[in-house]
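This report concerns only the one structure given below.
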Amino acid sequence: MPDDQGPNMEMRAFLAVVLSLAVMMFYQYFLAPPPPVPPAAGEVVEPPVAGPTIPRSEPDEAPVTEAGGDEPAASDPVGEPVAGTREASWLLQTDLYRMTVSNRGARITSLILEDYDSDFGGPLDLIVHEPGFEPLGMLNLATPEIPEVAGAANDALYAVTIDGREPAGGVHRVDGVTEIRWLWNDGAGWNVDKRLTIDRGSYLSMLELSVATPVETPTWITLGPGLEEDADVTRTGIYLMKGAVLFDGSVEHVPDTSLETPEPRVQSILWGGIQSNYFLAAMVPAGPVSIQLSAAPAPAAGVAVASEGAEGSEPVDGAAQPGTRASFGLAIPASGTLRLPMYVGPKSYEVLRAAGYELHRAVDYGMFAILARPVAVGLEYLNDLTGNYGLAIILATLIVRLVFFPLAQSSMKSMRKMQQLQPQMNAIRASYKGVKDVQKRQEMNAEVMKLYKDHGVSPLGGCLPMLLQMPVLFGFYAAISVSIDIRQAPFILWINDLSKMDPYYILPLLMGASMYVQQRMSPGTGDPMQQKIFRLMPVMFTFFFLSFPSGLVIYWLVNTLLGIAQQAYVNHQLDAPDAKATPSPVKKKKGQSGGGAKRKKRGKR
């Protein structure tokens, strides 16, 4: 979803709301024309923190070679040929994922996560299997200057060992730490030695690579093309990122669509890789390295594409059309050897933080991170209490409303006072009617402001609470959009994924209706222009929220309902003393007036 990277329609919509409120306030108090006179009766980045180190187990048996000889030295560019005898693959089962490795090209061909499902049902495979994106799998070699050179290494059959032994079966349970090793030597200049050490309880692994090529050309180890894609088009948002991602002290997101041609860089990064909305594959180099960002083009027209989680080549209803897929390449040093940590797994803040290397920065809340992160932590805690993220959002909304209660209470009272001062304000403005002199207009504004001050009224009281709640709204938006725990989290009835929009638009329509009710209950102002802007607010918000995550709509809906309750309480509180101090004419006539007349007659007698 490259078009959603950075500012888009949703961000512009929010900015439009904030700017509209600011313009409305400026207009009301400085530019509003006098109303008709009423009738008289009326940084420098620190070195990465070392994450968990995975020890490398030395093989205790020589790998099987096609020639049957001893294992050649990996750094020797020429030697006895080493290769697999037939194509084969093996499944490694850990506590967190099922990884399939192949001796064809020495790559990872499947990585199915145990704790996450596809949007369309079934297991979630992080490796893209769409026809047309070649080469498929992870950990391929690339020689960008002479592409055909790497083709031989990516198509070769490697000799494979698991923990130093020739794999006997197709499935291996990982108990502790396991090393997969691929070896290939064609006897004519190619010599490749790949080692991947995985841990049963971690998404972090250790990659070691030694490569010699028959020609002098830069060689790269790659992630991609692409990573698991949440293809459901009903999940959109400005905080959902796909493509390449780099971290050098700050996060840089590179959308797929901006990588039409390879983009080589020499850059000191703490980590880099590729990402989808909720998942990450990243390498952690040590120091300045050469990296290359590129993208595989979409499959040719007419090629049927299998969507995420589906088998076969028929597209699934609701799946997005295939586009480009980003690739991240890391240059292998001139020495031909490389050793670095690699992470492939969910963009879970806590999991990434535990892995180290500041990988948790991949969970990017944007400029509102200072609010979004506490919201995300609070929602996780409340979800643990309630067992439902929808209820957690409702409770969090109640807490936020309690925090803003004093300010909202003061604002509502201020608006009522402004309404009571409306006749005096109209009188002041009427006295300056038709005056165009700037000095006179300033005198009129000074009189109005003095009237506010004398009666303890703030001219910003009506709009300030909503303006202050805008950053909180953004914080909820970021937390609900980015949190992988809210992905596929159900609420009730038809809301089965709080990270996606309401498919029937029921929640946005209820929210718009509640905003209209709240507006009708709030004290009005004498400025017709401001009244028109306020009437448009429910319509604008309803339109903006149609495509927002349903969890965010629940937050604003509940917030508005609580605002209605508070407005009703304030109205009752302010009206009650007036009713006691000014009895109705009917009661006065039947009670005090009648009784007084009788007493006077008795006195005359």
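Chains: A, B, ... in order of the structure tokens. Residues: from 1 per chain. Ligands: from 1, in order shown.
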Which neighbours of range 493-495 of chain A fall inside 10 Å, counting only C-alpha atoms, when residues of the same chain fewer than 4 positions from it are skipped, and could you give them as a PDB file with N, CA and C atoms, in the first residue's frame?
```
ATOM      1  N   GLY A 390     -12.061  -4.233  22.297  1.00  0.00           N
ATOM      2  CA  GLY A 390     -13.124  -3.251  22.159  1.00  0.00           C
ATOM      3  C   GLY A 390     -13.501  -2.669  23.508  1.00  0.00           C
ATOM      4  N   GLN A 488      -6.726  -8.184  13.771  1.00  0.00           N
ATOM      5  CA  GLN A 488      -7.667  -9.296  13.842  1.00  0.00           C
ATOM      6  C   GLN A 488      -8.337  -9.435  15.218  1.00  0.00           C
ATOM      7  N   ALA A 489      -8.252  -8.394  16.061  1.00  0.00           N
ATOM      8  CA  ALA A 489      -8.916  -8.449  17.369  1.00  0.00           C
ATOM      9  C   ALA A 489     -10.404  -8.166  17.195  1.00  0.00           C
ATOM     10  N   SER A 499      -8.785  -3.345  13.741  1.00  0.00           N
ATOM     11  CA  SER A 499      -7.790  -2.592  12.975  1.00  0.00           C
ATOM     12  C   SER A 499      -8.289  -2.233  11.588  1.00  0.00           C
ATOM     13  N   LYS A 500      -9.490  -2.731  11.210  1.00  0.00           N
ATOM     14  CA  LYS A 500     -10.043  -2.446   9.886  1.00  0.00           C
ATOM     15  C   LYS A 500     -11.302  -1.600   9.999  1.00  0.00           C
ATOM     16  N   MET A 501     -11.689  -0.994   8.914  1.00  0.00           N
ATOM     17  CA  MET A 501     -12.870  -0.146   8.874  1.00  0.00           C
ATOM     18  C   MET A 501     -14.140  -0.968   9.088  1.00  0.00           C
ATOM     19  N   ASP A 502     -15.190  -0.298   9.549  1.00  0.00           N
ATOM     20  CA  ASP A 502     -16.492  -0.936   9.698  1.00  0.00           C
ATOM     21  C   ASP A 502     -17.043  -1.218   8.303  1.00  0.00           C
ATOM     22  N   PRO A 503     -17.241  -2.491   7.944  1.00  0.00           N
ATOM     23  CA  PRO A 503     -17.673  -2.801   6.573  1.00  0.00           C
ATOM     24  C   PRO A 503     -19.058  -2.270   6.233  1.00  0.00           C
ATOM     25  N   TYR A 504     -19.890  -2.002   7.243  1.00  0.00           N
ATOM     26  CA  TYR A 504     -21.256  -1.531   6.999  1.00  0.00           C
ATOM     27  C   TYR A 504     -21.450  -0.058   7.363  1.00  0.00           C
ATOM     28  N   ILE A 506     -21.748   1.411  10.056  1.00  0.00           N
ATOM     29  CA  ILE A 506     -22.701   1.667  11.132  1.00  0.00           C
ATOM     30  C   ILE A 506     -22.075   2.541  12.211  1.00  0.00           C
ATOM     31  N   LEU A 507     -20.863   2.205  12.638  1.00  0.00           N
ATOM     32  CA  LEU A 507     -20.211   2.978  13.689  1.00  0.00           C
ATOM     33  C   LEU A 507     -19.968   4.434  13.278  1.00  0.00           C
ATOM     34  N   SER A 550     -12.078   0.614  12.879  1.00  0.00           N
ATOM     35  CA  SER A 550     -13.291   0.633  13.686  1.00  0.00           C
ATOM     36  C   SER A 550     -12.985   0.877  15.162  1.00  0.00           C
ATOM     37  N   GLY A 551     -11.790   0.462  15.622  1.00  0.00           N
ATOM     38  CA  GLY A 551     -11.411   0.740  17.002  1.00  0.00           C
ATOM     39  C   GLY A 551     -11.308   2.227  17.274  1.00  0.00           C
TER      40      GLY A 551
END
```
Quiz prompt | Long-range neighbours of Tyr516 in chain A as a PyMOL selection string, 9 Å cut-off, only C-alpha atoms, 6 positions minimum in chain | solution = chain A and resi 535+537-539
Exercise. Compile the contact shell of Ala396 in chain A as a list in words: residues with an atom at most 8 Å away, counting only C-alpha atoms, same-chain residues fewer than 2 positions apart removed.
Key: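 In the requested format, the answer is Gly378, Leu379, Leu382, Ala392, Ile393, Ile394, Leu398, Ile399 and Val400 of chain A.
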Test item: residues at most 12 Å from range 332-335 of chain A, only C-alpha atoms, excluding those fewer than 5 positions along its chain, as a PDB file with N, CA and C atoms, in the first residue's frame:
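Contents of the output file part.pdb:
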```
ATOM      1  N   ALA A  74      35.987 -22.985   3.044  1.00  0.00           N
ATOM      2  CA  ALA A  74      34.994 -22.111   2.429  1.00  0.00           C
ATOM      3  C   ALA A  74      35.631 -20.946   1.716  1.00  0.00           C
ATOM      4  N   SER A  75      36.836 -20.525   2.151  1.00  0.00           N
ATOM      5  CA  SER A  75      37.472 -19.364   1.544  1.00  0.00           C
ATOM      6  C   SER A  75      38.278 -19.717   0.306  1.00  0.00           C
ATOM      7  N   ASP A  76      38.459 -20.997   0.024  1.00  0.00           N
ATOM      8  CA  ASP A  76      39.222 -21.416  -1.142  1.00  0.00           C
ATOM      9  C   ASP A  76      38.368 -21.259  -2.383  1.00  0.00           C
ATOM     10  N   PRO A  77      38.767 -20.327  -3.321  1.00  0.00           N
ATOM     11  CA  PRO A  77      37.909 -20.084  -4.474  1.00  0.00           C
ATOM     12  C   PRO A  77      37.840 -21.251  -5.433  1.00  0.00           C
ATOM     13  N   LEU A 141      21.515 -14.599  -3.366  1.00  0.00           N
ATOM     14  CA  LEU A 141      22.647 -13.743  -3.712  1.00  0.00           C
ATOM     15  C   LEU A 141      22.272 -12.873  -4.898  1.00  0.00           C
ATOM     16  N   ALA A 142      22.937 -11.727  -5.024  1.00  0.00           N
ATOM     17  CA  ALA A 142      22.688 -10.819  -6.139  1.00  0.00           C
ATOM     18  C   ALA A 142      24.007 -10.205  -6.580  1.00  0.00           C
ATOM     19  N   THR A 143      24.162 -10.067  -7.887  1.00  0.00           N
ATOM     20  CA  THR A 143      25.303  -9.364  -8.475  1.00  0.00           C
ATOM     21  C   THR A 143      24.728  -8.312  -9.420  1.00  0.00           C
ATOM     22  N   VAL A 192      30.481 -21.050  -2.094  1.00  0.00           N
ATOM     23  CA  VAL A 192      29.534 -20.402  -1.202  1.00  0.00           C
ATOM     24  C   VAL A 192      29.347 -21.250   0.045  1.00  0.00           C
ATOM     25  N   GLU A 208      25.834 -16.303   8.865  1.00  0.00           N
ATOM     26  CA  GLU A 208      27.253 -16.247   8.493  1.00  0.00           C
ATOM     27  C   GLU A 208      27.374 -16.634   7.026  1.00  0.00           C
ATOM     28  N   LEU A 209      28.214 -15.890   6.327  1.00  0.00           N
ATOM     29  CA  LEU A 209      28.280 -16.071   4.875  1.00  0.00           C
ATOM     30  C   LEU A 209      29.708 -15.873   4.392  1.00  0.00           C
ATOM     31  N   SER A 210      30.150 -16.788   3.562  1.00  0.00           N
ATOM     32  CA  SER A 210      31.450 -16.671   2.901  1.00  0.00           C
ATOM     33  C   SER A 210      31.242 -16.968   1.427  1.00  0.00           C
ATOM     34  N   VAL A 211      31.672 -16.035   0.557  1.00  0.00           N
ATOM     35  CA  VAL A 211      31.395 -16.158  -0.870  1.00  0.00           C
ATOM     36  C   VAL A 211      32.641 -15.832  -1.682  1.00  0.00           C
ATOM     37  N   ALA A 212      32.931 -16.654  -2.635  1.00  0.00           N
ATOM     38  CA  ALA A 212      33.942 -16.368  -3.656  1.00  0.00           C
ATOM     39  C   ALA A 212      33.275 -16.534  -5.009  1.00  0.00           C
ATOM     40  N   THR A 213      33.532 -15.606  -5.943  1.00  0.00           N
ATOM     41  CA  THR A 213      32.877 -15.617  -7.250  1.00  0.00           C
ATOM     42  C   THR A 213      33.912 -15.799  -8.356  1.00  0.00           C
ATOM     43  N   GLU A 216      35.175 -10.750 -10.815  1.00  0.00           N
ATOM     44  CA  GLU A 216      35.216  -9.674  -9.831  1.00  0.00           C
ATOM     45  C   GLU A 216      34.013  -8.752 -10.031  1.00  0.00           C
ATOM     46  N   THR A 217      33.028  -8.947  -9.182  1.00  0.00           N
ATOM     47  CA  THR A 217      31.835  -8.112  -9.213  1.00  0.00           C
ATOM     48  C   THR A 217      31.236  -8.071  -7.814  1.00  0.00           C
ATOM     49  N   PRO A 218      30.713  -6.938  -7.372  1.00  0.00           N
ATOM     50  CA  PRO A 218      30.118  -6.865  -6.033  1.00  0.00           C
ATOM     51  C   PRO A 218      28.988  -7.884  -5.863  1.00  0.00           C
ATOM     52  N   THR A 219      28.989  -8.530  -4.711  1.00  0.00           N
ATOM     53  CA  THR A 219      27.980  -9.548  -4.417  1.00  0.00           C
ATOM     54  C   THR A 219      27.198  -9.116  -3.176  1.00  0.00           C
ATOM     55  N   TRP A 220      25.888  -9.396  -3.216  1.00  0.00           N
ATOM     56  CA  TRP A 220      25.000  -8.960  -2.147  1.00  0.00           C
ATOM     57  C   TRP A 220      24.190 -10.144  -1.641  1.00  0.00           C
ATOM     58  N   ILE A 221      23.840 -10.095  -0.356  1.00  0.00           N
ATOM     59  CA  ILE A 221      22.887 -11.027   0.213  1.00  0.00           C
ATOM     60  C   ILE A 221      21.578 -10.269   0.392  1.00  0.00           C
ATOM     61  N   THR A 222      20.449 -10.861   0.018  1.00  0.00           N
ATOM     62  CA  THR A 222      19.215 -10.087  -0.084  1.00  0.00           C
ATOM     63  C   THR A 222      18.099 -10.645   0.801  1.00  0.00           C
ATOM     64  N   PRO A 285      23.933  -5.013  10.482  1.00  0.00           N
ATOM     65  CA  PRO A 285      25.366  -4.991  10.165  1.00  0.00           C
ATOM     66  C   PRO A 285      26.161  -4.281  11.260  1.00  0.00           C
ATOM     67  N   ALA A 286      27.468  -4.456  11.226  1.00  0.00           N
ATOM     68  CA  ALA A 286      28.351  -3.793  12.187  1.00  0.00           C
ATOM     69  C   ALA A 286      29.115  -2.694  11.456  1.00  0.00           C
ATOM     70  N   GLY A 287      28.658  -1.459  11.595  1.00  0.00           N
ATOM     71  CA  GLY A 287      29.359  -0.335  10.999  1.00  0.00           C
ATOM     72  C   GLY A 287      28.869   0.005   9.605  1.00  0.00           C
ATOM     73  N   PRO A 288      29.558   0.965   8.942  1.00  0.00           N
ATOM     74  CA  PRO A 288      29.151   1.392   7.589  1.00  0.00           C
ATOM     75  C   PRO A 288      29.196   0.228   6.606  1.00  0.00           C
ATOM     76  N   VAL A 289      28.171   0.107   5.820  1.00  0.00           N
ATOM     77  CA  VAL A 289      28.082  -0.963   4.831  1.00  0.00           C
ATOM     78  C   VAL A 289      27.465  -0.399   3.559  1.00  0.00           C
ATOM     79  N   SER A 290      27.635  -1.133   2.495  1.00  0.00           N
ATOM     80  CA  SER A 290      26.946  -0.800   1.249  1.00  0.00           C
ATOM     81  C   SER A 290      25.629  -1.558   1.226  1.00  0.00           C
ATOM     82  N   ILE A 291      24.562  -0.821   0.983  1.00  0.00           N
ATOM     83  CA  ILE A 291      23.255  -1.443   0.887  1.00  0.00           C
ATOM     84  C   ILE A 291      22.644  -1.092  -0.454  1.00  0.00           C
ATOM     85  N   GLN A 292      21.693  -1.874  -0.866  1.00  0.00           N
ATOM     86  CA  GLN A 292      20.993  -1.589  -2.111  1.00  0.00           C
ATOM     87  C   GLN A 292      19.517  -1.873  -1.935  1.00  0.00           C
ATOM     88  N   LEU A 340      26.317 -11.583  10.882  1.00  0.00           N
ATOM     89  CA  LEU A 340      25.434 -10.573  11.454  1.00  0.00           C
ATOM     90  C   LEU A 340      24.143 -11.196  11.972  1.00  0.00           C
TER      91      LEU A 340
END
```
Quiz item: Skipping near chain neighbours, those fewer than 4 positions away, what residues fall within 12 Å of Leu246 in chain A using only C-alpha atoms, listed as a ChimeraX atom specification?
Solution: /A:250-255,265,267-275,280-285,291-293,328-330,358-359,361-362,364
If you keep N, CA and C atoms, can you produce a file of those selected residues as a compact mmCIF listing (two decimals), in the first residue's frame?
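Below you can see again37.txt, which holds the result:
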```
# COMPACT_ATOMS: atom_id res chain seq x y z
N SER A 250 17.24 7.41 13.20
CA SER A 250 15.85 7.72 12.89
C SER A 250 15.38 6.72 11.84
N VAL A 251 14.09 6.48 11.83
CA VAL A 251 13.52 5.48 10.92
C VAL A 251 13.25 6.12 9.56
N GLU A 252 13.65 5.44 8.51
CA GLU A 252 13.35 5.87 7.15
C GLU A 252 12.53 4.78 6.46
N HIS A 253 11.33 5.14 6.02
CA HIS A 253 10.48 4.21 5.30
C HIS A 253 10.59 4.51 3.81
N VAL A 254 10.84 3.47 3.02
CA VAL A 254 10.98 3.62 1.57
C VAL A 254 9.90 2.79 0.91
N PRO A 255 8.83 3.42 0.41
CA PRO A 255 7.73 2.66 -0.19
C PRO A 255 8.18 1.86 -1.41
N ARG A 265 23.44 2.49 -1.94
CA ARG A 265 23.86 3.47 -0.94
C ARG A 265 25.04 2.90 -0.16
N GLN A 267 26.07 3.52 3.57
CA GLN A 267 25.44 4.19 4.68
C GLN A 267 25.71 3.42 5.97
N SER A 268 25.93 4.14 7.04
CA SER A 268 26.09 3.51 8.35
C SER A 268 24.70 3.36 8.95
N ILE A 269 24.23 2.16 9.06
CA ILE A 269 22.90 1.90 9.61
C ILE A 269 23.02 0.95 10.79
N LEU A 270 22.10 1.08 11.72
CA LEU A 270 22.03 0.12 12.81
C LEU A 270 21.34 -1.16 12.36
N TRP A 271 20.34 -1.00 11.51
CA TRP A 271 19.70 -2.16 10.90
C TRP A 271 18.91 -1.71 9.68
N GLY A 272 18.59 -2.65 8.81
CA GLY A 272 17.80 -2.36 7.62
C GLY A 272 17.19 -3.63 7.09
N GLY A 273 16.11 -3.46 6.33
CA GLY A 273 15.45 -4.63 5.77
C GLY A 273 14.18 -4.26 5.04
N ILE A 274 13.21 -5.14 5.09
CA ILE A 274 11.92 -4.95 4.42
C ILE A 274 10.82 -5.18 5.45
N GLN A 275 9.65 -4.61 5.18
CA GLN A 275 8.56 -4.71 6.12
C GLN A 275 7.22 -4.76 5.40
N LEU A 280 8.38 -7.81 9.95
CA LEU A 280 9.68 -7.22 9.63
C LEU A 280 10.70 -8.32 9.36
N ALA A 281 11.54 -8.08 8.35
CA ALA A 281 12.74 -8.89 8.12
C ALA A 281 13.90 -7.91 8.02
N ALA A 282 14.87 -8.04 8.95
CA ALA A 282 15.94 -7.03 9.01
C ALA A 282 17.27 -7.70 9.34
N MET A 283 18.34 -7.08 8.80
CA MET A 283 19.71 -7.48 9.11
C MET A 283 20.37 -6.37 9.93
N VAL A 284 21.29 -6.78 10.80
CA VAL A 284 21.96 -5.83 11.69
C VAL A 284 23.45 -5.85 11.41
N PRO A 285 23.93 -5.01 10.48
CA PRO A 285 25.37 -4.99 10.17
C PRO A 285 26.16 -4.28 11.26
N ILE A 291 24.56 -0.82 0.98
CA ILE A 291 23.26 -1.44 0.89
C ILE A 291 22.64 -1.09 -0.45
N GLN A 292 21.69 -1.87 -0.87
CA GLN A 292 20.99 -1.59 -2.11
C GLN A 292 19.52 -1.87 -1.93
N LEU A 293 18.71 -0.88 -2.28
CA LEU A 293 17.27 -1.03 -2.24
C LEU A 293 16.76 -1.17 -3.66
N PHE A 328 15.88 -5.72 -0.04
CA PHE A 328 16.98 -5.09 0.67
C PHE A 328 18.21 -5.94 0.47
N GLY A 329 19.28 -5.33 -0.01
CA GLY A 329 20.52 -6.05 -0.24
C GLY A 329 21.65 -5.49 0.60
N LEU A 330 22.48 -6.39 1.14
CA LEU A 330 23.63 -6.00 1.94
C LEU A 330 24.88 -6.51 1.26
N GLU A 358 17.89 -1.94 18.95
CA GLU A 358 16.89 -0.90 18.68
C GLU A 358 15.93 -1.29 17.56
N LEU A 359 15.70 -2.57 17.43
CA LEU A 359 14.75 -3.04 16.42
C LEU A 359 13.33 -2.58 16.72
N ARG A 361 12.30 0.20 17.11
CA ARG A 361 11.98 1.45 16.42
C ARG A 361 11.24 1.18 15.10
N ALA A 362 11.18 -0.07 14.68
CA ALA A 362 10.38 -0.41 13.50
C ALA A 362 8.90 -0.22 13.75
N ASP A 364 6.67 2.18 14.37
CA ASP A 364 6.77 3.63 14.21
C ASP A 364 5.40 4.27 14.42
```
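Every residue of range 311-434 of chain A with a DSSP assignment of strand (DSSP E or B), taken from the backbone, is listed as Ala319, Arg325, Ala326, Ser327, Phe328, Gly329, Leu330, Ala331, Thr337, Leu338, Arg339, Leu340, Pro341, Met342, Tyr343, Val344, Gly345 and Pro346 of chain A.
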Quiz item: Leaving out range 91-104 of chain A and any residue of its chain fewer than 5 positions from it, which residues lie within 8 Å of it when counting only C-alpha atoms, given as a list in words?
Solution: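 Once the adjacent positions are removed, what remains is Gly84, Thr109, Ser110, Leu111, Ile112, Leu113, Glu114, Asp115, Asn154, Asp155, Ala156, Leu157, Tyr158, Ala159, Val160, Gly170, Val171, His172, Arg173, Val174, Asp175, Trp182, Asp199, Arg200, Gly201, Ser202 and Tyr203 of chain A.
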Give me a file of those residues, with N, CA and C atoms, as a short mmCIF file (atom, residue, chain, number, x, y, z; two decimals), in the first residue's frame.
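In the end it all went to selection-v6.cif:
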```
data_model
loop_
_atom_site.label_atom_id
_atom_site.label_comp_id
_atom_site.auth_asym_id
_atom_site.auth_seq_id
_atom_site.Cartn_x
_atom_site.Cartn_y
_atom_site.Cartn_z
N GLY A 84 24.72 -30.70 -3.78
CA GLY A 84 23.71 -31.68 -3.44
C GLY A 84 23.46 -32.61 -4.61
N THR A 109 12.51 -20.95 2.04
CA THR A 109 11.38 -20.91 1.10
C THR A 109 10.03 -20.72 1.78
N SER A 110 9.98 -20.85 3.10
CA SER A 110 8.72 -20.65 3.80
C SER A 110 9.03 -20.34 5.26
N LEU A 111 8.25 -19.42 5.85
CA LEU A 111 8.38 -19.11 7.25
C LEU A 111 6.98 -18.82 7.78
N ILE A 112 6.36 -19.84 8.36
CA ILE A 112 4.98 -19.76 8.84
C ILE A 112 4.99 -19.49 10.34
N LEU A 113 4.36 -18.39 10.75
CA LEU A 113 4.32 -18.02 12.17
C LEU A 113 3.22 -18.78 12.89
N GLU A 114 3.54 -19.24 14.09
CA GLU A 114 2.59 -20.05 14.85
C GLU A 114 1.47 -19.21 15.48
N ASP A 115 1.78 -17.97 15.87
CA ASP A 115 0.83 -17.17 16.65
C ASP A 115 0.03 -16.18 15.82
N ASN A 154 22.15 -19.08 -7.27
CA ASN A 154 20.77 -19.16 -6.79
C ASN A 154 20.02 -20.35 -7.35
N ASP A 155 20.55 -20.96 -8.40
CA ASP A 155 19.89 -22.12 -9.00
C ASP A 155 20.60 -23.43 -8.68
N ALA A 156 21.75 -23.34 -8.01
CA ALA A 156 22.55 -24.54 -7.74
C ALA A 156 21.93 -25.38 -6.62
N LEU A 157 22.29 -26.64 -6.59
CA LEU A 157 21.92 -27.54 -5.49
C LEU A 157 23.08 -27.59 -4.51
N TYR A 158 22.82 -27.21 -3.26
CA TYR A 158 23.85 -27.14 -2.23
C TYR A 158 23.85 -28.42 -1.39
N ALA A 159 24.99 -28.71 -0.84
CA ALA A 159 25.08 -29.76 0.18
C ALA A 159 24.64 -29.16 1.50
N VAL A 160 23.77 -29.84 2.22
CA VAL A 160 23.16 -29.28 3.42
C VAL A 160 23.45 -30.17 4.62
N GLY A 170 12.55 -35.24 6.82
CA GLY A 170 12.07 -33.98 6.29
C GLY A 170 11.66 -32.98 7.35
N VAL A 171 11.44 -33.43 8.62
CA VAL A 171 10.99 -32.55 9.68
C VAL A 171 11.97 -32.65 10.84
N HIS A 172 12.38 -31.48 11.36
CA HIS A 172 13.33 -31.44 12.49
C HIS A 172 12.78 -30.51 13.56
N ARG A 173 12.63 -31.05 14.77
CA ARG A 173 12.20 -30.24 15.91
C ARG A 173 13.42 -29.54 16.49
N VAL A 174 13.33 -28.20 16.61
CA VAL A 174 14.45 -27.41 17.12
C VAL A 174 14.34 -27.35 18.64
N ASP A 175 15.25 -28.00 19.33
CA ASP A 175 15.32 -27.97 20.79
C ASP A 175 16.59 -27.22 21.18
N TRP A 182 24.72 -24.52 4.33
CA TRP A 182 24.68 -24.82 2.91
C TRP A 182 26.08 -24.64 2.33
N ASP A 199 17.21 -20.14 17.06
CA ASP A 199 16.92 -20.49 18.45
C ASP A 199 15.43 -20.81 18.54
N ARG A 200 15.08 -21.84 19.29
CA ARG A 200 13.69 -22.30 19.36
C ARG A 200 12.75 -21.24 19.90
N GLY A 201 13.24 -20.31 20.77
CA GLY A 201 12.37 -19.34 21.40
C GLY A 201 12.61 -17.91 20.98
N SER A 202 13.19 -17.68 19.81
CA SER A 202 13.50 -16.32 19.38
C SER A 202 13.31 -16.19 17.87
N TYR A 203 12.89 -14.96 17.46
CA TYR A 203 12.83 -14.66 16.04
C TYR A 203 14.19 -14.17 15.52
#
```
Quiz item: Which one is closest to Val403 in chain A: A:Val472, A:Met342, A:Val363, A:Ala168? Count only C-alpha atoms.
Solution: A:Val472
Practice problem: Rank A:Ser348, A:Thr324, A:Ser89, A:Asn191 by their smallest atom-to-atom distance to Pro167 in chain A, using only C-alpha atoms, and report the top residue only. | Solution: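 So, comparing all the options, the nearest one is A:Ser89.
Among A:Pro341, A:Gly122, A:Pro374, A:Pro144, the residue with the shortest atom-to-atom distance to Met206 in chain A, counting only C-alpha atoms, is A:Pro341.
You will find CA of Glu443 in chain A at 28.5 Å from CA of Leu467 in chain A.
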Quiz item: With only C-alpha atoms as the atoms that count, which of A:Leu407, A:Val351, A:Val266, A:Ile486 lies nearest to Asn388 in chain A?
Solution: A:Ile486
